[in-house]
Amino acid sequence: MLRTIEIRMAVAEDIPNLLEIYAPYVKNTAVTFEYDVPSVEEFTQRMNSVLKKYPYLVAILDQTIVGYAYASPFHSRAAYMWAAELSVYVHEKYHRLGIGRALYHEMERRLKKQNVTNLNACIAYPNPKSIAFHEKEGYHMVGHFSKCGYKLGRWWDMVWMEKIIGSHDIPPKPWKHYEPETNL
């Protein structure tokens with residue numbers, strides 16, 4: 001039986017579920033370089049900050065939140081506004097079901113409407129599964145930083161991967177703030 005993945009905007013009531021998904025990444029992996037699982041209050045502030053400019057999406061399978069993704073500024077300076085960093089987290093019990101891919105595709109669709117041209121992913125290295133996933137999605141390696149993060153008793157490299165999703169017109173199309181009512 002084919003199961004449908006529903007993608008929708010995240011809401012505050014989703015935060016406990018999102019923290020449940022995120023916590024194992026913080027505690028057991030170098031996928032995030034964060035040491036401590038954020039509180040509900042901190043996570044709420046982060047989500048609200050993202051939603052001022054970008055989409056924040058959740059994936060639902062069989063009425064259960066199984067993943068989430070959000071975009072954030074690649075860098076804070078104005079000239080970078082056409083580039084966004086993507087983050088995706090899938091519940092550890094739901095890997096390899098196309099959830100990350102569905103979230104990325106929907107995020108890409110929405111970011112194109114904002115005239116974002118470059119998508120960037122920051123990945124702890126080595127992480128062959130994440131790198132292979134991004135390569136399948138059209139990303140390519142653009143940077144490698146050595147031993148820049150210390151977690152779980154060792155030093156980790158970090159790589160940046162990038163995907164171009166829009167044309168680099170001169171002048172560029174105006175960047176648009178995310179408006180959920182018009183960008184759905």
# chains A, B, ... in the order shown; residues from 1 in each chain; ligands from 1
>>> residues_around(residues="range 94-111 of chain A", least_positions_apart="3", cutoff="8 Å", atoms="only C-alpha atoms", output="count of residues only")
24
>>> closest_residue(among="A:Pro38, A:Val142, A:Ala79, A:Met9", to="Leu51 in chain A", atoms="only C-alpha atoms")
A:Met9
>>> select_by_dssp(residues="chain A", states="strand (DSSP E or B)", output="JSON list (two decimals) with N, CA and C atoms, in the first residue's frame")
[["chain", "number", "residue", "atom", "x", "y", "z"],
["A", 6, "GLU", "N", 2.08, 13.89, 3.83],
["A", 6, "GLU", "CA", 1.46, 15.21, 3.81],
["A", 6, "GLU", "C", 2.49, 16.22, 4.30],
["A", 7, "ILE", "N", 2.62, 17.34, 3.60],
["A", 7, "ILE", "CA", 3.52, 18.42, 4.01],
["A", 7, "ILE", "C", 2.66, 19.64, 4.31],
["A", 8, "ARG", "N", 2.89, 20.23, 5.46],
["A", 8, "ARG", "CA", 2.17, 21.46, 5.83],
["A", 8, "ARG", "C", 3.10, 22.36, 6.63],
["A", 9, "MET", "N", 2.66, 23.60, 6.82],
["A", 9, "MET", "CA", 3.41, 24.54, 7.64],
["A", 9, "MET", "C", 3.39, 24.08, 9.10],
["A", 56, "TYR", "N", 8.64, 26.93, 7.26],
["A", 56, "TYR", "CA", 9.02, 25.92, 8.24],
["A", 56, "TYR", "C", 7.99, 24.81, 8.08],
["A", 57, "LEU", "N", 8.41, 23.67, 7.58],
["A", 57, "LEU", "CA", 7.48, 22.63, 7.16],
["A", 57, "LEU", "C", 7.57, 21.39, 8.04],
["A", 58, "VAL", "N", 6.45, 20.69, 8.17],
["A", 58, "VAL", "CA", 6.44, 19.38, 8.82],
["A", 58, "VAL", "C", 5.91, 18.36, 7.82],
["A", 59, "ALA", "N", 6.39, 17.13, 7.98],
["A", 59, "ALA", "CA", 5.91, 16.00, 7.18],
["A", 59, "ALA", "C", 5.09, 15.09, 8.09],
["A", 60, "ILE", "N", 3.95, 14.67, 7.57],
["A", 60, "ILE", "CA", 3.04, 13.82, 8.34],
["A", 60, "ILE", "C", 2.81, 12.54, 7.55],
["A", 61, "LEU", "N", 2.93, 11.43, 8.25],
["A", 61, "LEU", "CA", 2.68, 10.11, 7.66],
["A", 61, "LEU", "C", 1.80, 9.35, 8.65],
["A", 64, "THR", "N", 1.04, 11.09, 11.88],
["A", 64, "THR", "CA", 2.15, 11.29, 12.80],
["A", 64, "THR", "C", 3.18, 12.21, 12.16],
["A", 65, "ILE", "N", 3.64, 13.21, 12.91],
["A", 65, "ILE", "CA", 4.72, 14.07, 12.42],
["A", 65, "ILE", "C", 6.00, 13.24, 12.41],
["A", 66, "VAL", "N", 6.58, 13.09, 11.22],
["A", 66, "VAL", "CA", 7.75, 12.22, 11.05],
["A", 66, "VAL", "C", 9.00, 12.97, 10.59],
["A", 67, "GLY", "N", 8.88, 14.26, 10.33],
["A", 67, "GLY", "CA", 10.03, 15.03, 9.91],
["A", 67, "GLY", "C", 9.69, 16.50, 9.80],
["A", 68, "TYR", "N", 10.73, 17.30, 9.67],
["A", 68, "TYR", "CA", 10.52, 18.73, 9.47],
["A", 68, "TYR", "C", 11.72, 19.33, 8.74],
["A", 69, "ALA", "N", 11.47, 20.47, 8.14],
["A", 69, "ALA", "CA", 12.53, 21.18, 7.41],
["A", 69, "ALA", "C", 12.26, 22.68, 7.51],
["A", 70, "TYR", "N", 13.34, 23.43, 7.44],
["A", 70, "TYR", "CA", 13.19, 24.88, 7.44],
["A", 70, "TYR", "C", 14.36, 25.49, 6.68],
["A", 71, "ALA", "N", 14.14, 26.70, 6.24],
["A", 71, "ALA", "CA", 15.19, 27.48, 5.58],
["A", 71, "ALA", "C", 15.62, 28.58, 6.53],
["A", 72, "SER", "N", 16.85, 29.02, 6.37],
["A", 72, "SER", "CA", 17.36, 30.13, 7.15],
["A", 72, "SER", "C", 18.35, 30.90, 6.28],
["A", 73, "PRO", "N", 18.69, 32.12, 6.69],
["A", 73, "PRO", "CA", 19.63, 32.88, 5.87],
["A", 73, "PRO", "C", 20.97, 32.16, 5.75],
["A", 83, "ALA", "N", 20.31, 33.52, -1.21],
["A", 83, "ALA", "CA", 20.83, 32.20, -0.83],
["A", 83, "ALA", "C", 20.23, 31.81, 0.52],
["A", 84, "ALA", "N", 19.81, 30.56, 0.63],
["A", 84, "ALA", "CA", 19.22, 30.06, 1.88],
["A", 84, "ALA", "C", 19.87, 28.75, 2.27],
["A", 85, "GLU", "N", 20.02, 28.56, 3.57],
["A", 85, "GLU", "CA", 20.51, 27.28, 4.10],
["A", 85, "GLU", "C", 19.30, 26.43, 4.46],
["A", 86, "LEU", "N", 19.32, 25.16, 4.06],
["A", 86, "LEU", "CA", 18.23, 24.25, 4.39],
["A", 86, "LEU", "C", 18.66, 23.29, 5.48],
["A", 87, "SER", "N", 17.72, 22.96, 6.34],
["A", 87, "SER", "CA", 17.92, 21.94, 7.37],
["A", 87, "SER", "C", 16.73, 21.00, 7.34],
["A", 88, "VAL", "N", 17.00, 19.71, 7.45],
["A", 88, "VAL", "CA", 15.93, 18.71, 7.47],
["A", 88, "VAL", "C", 16.26, 17.67, 8.52],
["A", 89, "TYR", "N", 15.24, 17.26, 9.25],
["A", 89, "TYR", "CA", 15.37, 16.23, 10.26],
["A", 89, "TYR", "C", 14.20, 15.27, 10.11],
["A", 90, "VAL", "N", 14.52, 13.98, 10.04],
["A", 90, "VAL", "CA", 13.50, 12.93, 9.90],
["A", 90, "VAL", "C", 13.60, 12.02, 11.11],
["A", 118, "ASN", "N", 20.00, 30.14, -4.65],
["A", 118, "ASN", "CA", 20.98, 29.16, -4.20],
["A", 118, "ASN", "C", 20.50, 28.51, -2.90],
["A", 119, "LEU", "N", 20.57, 27.18, -2.86],
["A", 119, "LEU", "CA", 20.28, 26.45, -1.63],
["A", 119, "LEU", "C", 21.59, 25.86, -1.12],
["A", 120, "ASN", "N", 21.82, 25.97, 0.17],
["A", 120, "ASN", "CA", 23.06, 25.49, 0.76],
["A", 120, "ASN", "C", 22.74, 24.53, 1.91],
["A", 121, "ALA", "N", 23.58, 23.52, 2.04],
["A", 121, "ALA", "CA", 23.45, 22.56, 3.13],
["A", 121, "ALA", "C", 24.80, 22.42, 3.82],
["A", 122, "CYS", "N", 24.80, 22.54, 5.13],
["A", 122, "CYS", "CA", 25.99, 22.39, 5.96],
["A", 122, "CYS", "C", 25.94, 21.00, 6.57],
["A", 123, "ILE", "N", 26.96, 20.19, 6.34],
["A", 123, "ILE", "CA", 26.93, 18.77, 6.72],
["A", 123, "ILE", "C", 28.20, 18.40, 7.47],
["A", 124, "ALA", "N", 28.02, 17.76, 8.64],
["A", 124, "ALA", "CA", 29.18, 17.22, 9.36],
["A", 124, "ALA", "C", 29.81, 16.14, 8.49],
["A", 125, "TYR", "N", 31.13, 16.08, 8.52],
["A", 125, "TYR", "CA", 31.86, 15.15, 7.64],
["A", 125, "TYR", "C", 32.81, 14.31, 8.46],
["A", 140, "HIS", "N", 26.00, 19.90, -5.10],
["A", 140, "HIS", "CA", 27.39, 19.54, -5.33],
["A", 140, "HIS", "C", 28.25, 20.20, -4.23],
["A", 141, "MET", "N", 29.40, 19.61, -4.00],
["A", 141, "MET", "CA", 30.30, 20.05, -2.95],
["A", 141, "MET", "C", 30.91, 21.41, -3.33],
["A", 142, "VAL", "N", 30.88, 22.35, -2.39],
["A", 142, "VAL", "CA", 31.48, 23.66, -2.66],
["A", 142, "VAL", "C", 32.48, 24.09, -1.59],
["A", 143, "GLY", "N", 32.55, 23.34, -0.48],
["A", 143, "GLY", "CA", 33.51, 23.74, 0.55],
["A", 143, "GLY", "C", 33.75, 22.64, 1.56],
["A", 144, "HIS", "N", 34.97, 22.59, 2.09],
["A", 144, "HIS", "CA", 35.33, 21.59, 3.09],
["A", 144, "HIS", "C", 36.20, 22.27, 4.14],
["A", 145, "PHE", "N", 35.74, 22.23, 5.40],
["A", 145, "PHE", "CA", 36.46, 22.83, 6.51],
["A", 145, "PHE", "C", 36.93, 21.71, 7.43],
["A", 146, "SER", "N", 38.17, 21.76, 7.87],
["A", 146, "SER", "CA", 38.79, 20.68, 8.64],
["A", 146, "SER", "C", 38.67, 20.89, 10.14],
["A", 147, "LYS", "N", 38.27, 19.85, 10.82],
["A", 147, "LYS", "CA", 38.26, 19.79, 12.28],
["A", 147, "LYS", "C", 37.74, 21.08, 12.91],
["A", 148, "CYS", "N", 36.58, 21.50, 12.48],
["A", 148, "CYS", "CA", 36.04, 22.77, 12.98],
["A", 148, "CYS", "C", 34.96, 22.58, 14.04],
["A", 149, "GLY", "N", 34.54, 21.34, 14.31],
["A", 149, "GLY", "CA", 33.55, 21.09, 15.34],
["A", 149, "GLY", "C", 33.95, 19.93, 16.22],
["A", 150, "TYR", "N", 33.84, 20.12, 17.54],
["A", 150, "TYR", "CA", 34.20, 19.05, 18.48],
["A", 150, "TYR", "C", 32.93, 18.56, 19.14],
["A", 151, "LYS", "N", 32.63, 17.27, 18.95],
["A", 151, "LYS", "CA", 31.44, 16.67, 19.54],
["A", 151, "LYS", "C", 31.64, 15.17, 19.65],
["A", 154, "ARG", "N", 35.35, 13.74, 19.61],
["A", 154, "ARG", "CA", 36.25, 13.82, 18.46],
["A", 154, "ARG", "C", 36.02, 15.11, 17.68],
["A", 155, "TRP", "N", 36.97, 15.42, 16.82],
["A", 155, "TRP", "CA", 36.86, 16.58, 15.92],
["A", 155, "TRP", "C", 36.17, 16.15, 14.64],
["A", 156, "TRP", "N", 35.31, 17.02, 14.12],
["A", 156, "TRP", "CA", 34.57, 16.76, 12.89],
["A", 156, "TRP", "C", 34.90, 17.82, 11.85],
["A", 157, "ASP", "N", 35.01, 17.40, 10.62],
["A", 157, "ASP", "CA", 35.05, 18.34, 9.50],
["A", 157, "ASP", "C", 33.62, 18.78, 9.21],
["A", 158, "MET", "N", 33.50, 19.78, 8.38],
["A", 158, "MET", "CA", 32.21, 20.26, 7.95],
["A", 158, "MET", "C", 32.31, 20.58, 6.47],
["A", 159, "VAL", "N", 31.30, 20.18, 5.71],
["A", 159, "VAL", "CA", 31.27, 20.49, 4.29],
["A", 159, "VAL", "C", 30.02, 21.30, 3.96],
["A", 160, "TRP", "N", 30.13, 22.07, 2.90],
["A", 160, "TRP", "CA", 28.99, 22.80, 2.36],
["A", 160, "TRP", "C", 28.68, 22.22, 0.99],
["A", 161, "MET", "N", 27.38, 21.99, 0.76],
["A", 161, "MET", "CA", 26.91, 21.57, -0.56],
["A", 161, "MET", "C", 25.91, 22.61, -1.03],
["A", 162, "GLU", "N", 25.79, 22.74, -2.36],
["A", 162, "GLU", "CA", 24.97, 23.81, -2.93],
["A", 162, "GLU", "C", 24.18, 23.31, -4.13],
["A", 163, "LYS", "N", 22.98, 23.87, -4.28],
["A", 163, "LYS", "CA", 22.14, 23.60, -5.45],
["A", 163, "LYS", "C", 21.62, 24.94, -5.95],
["A", 164, "ILE", "N", 21.74, 25.16, -7.25],
["A", 164, "ILE", "CA", 21.22, 26.38, -7.87],
["A", 164, "ILE", "C", 19.78, 26.09, -8.31]]
>>> atom_distance(atom1="CA of Trp175 in chain A", atom2="CA of Glu135 in chain A")
26.3 Å
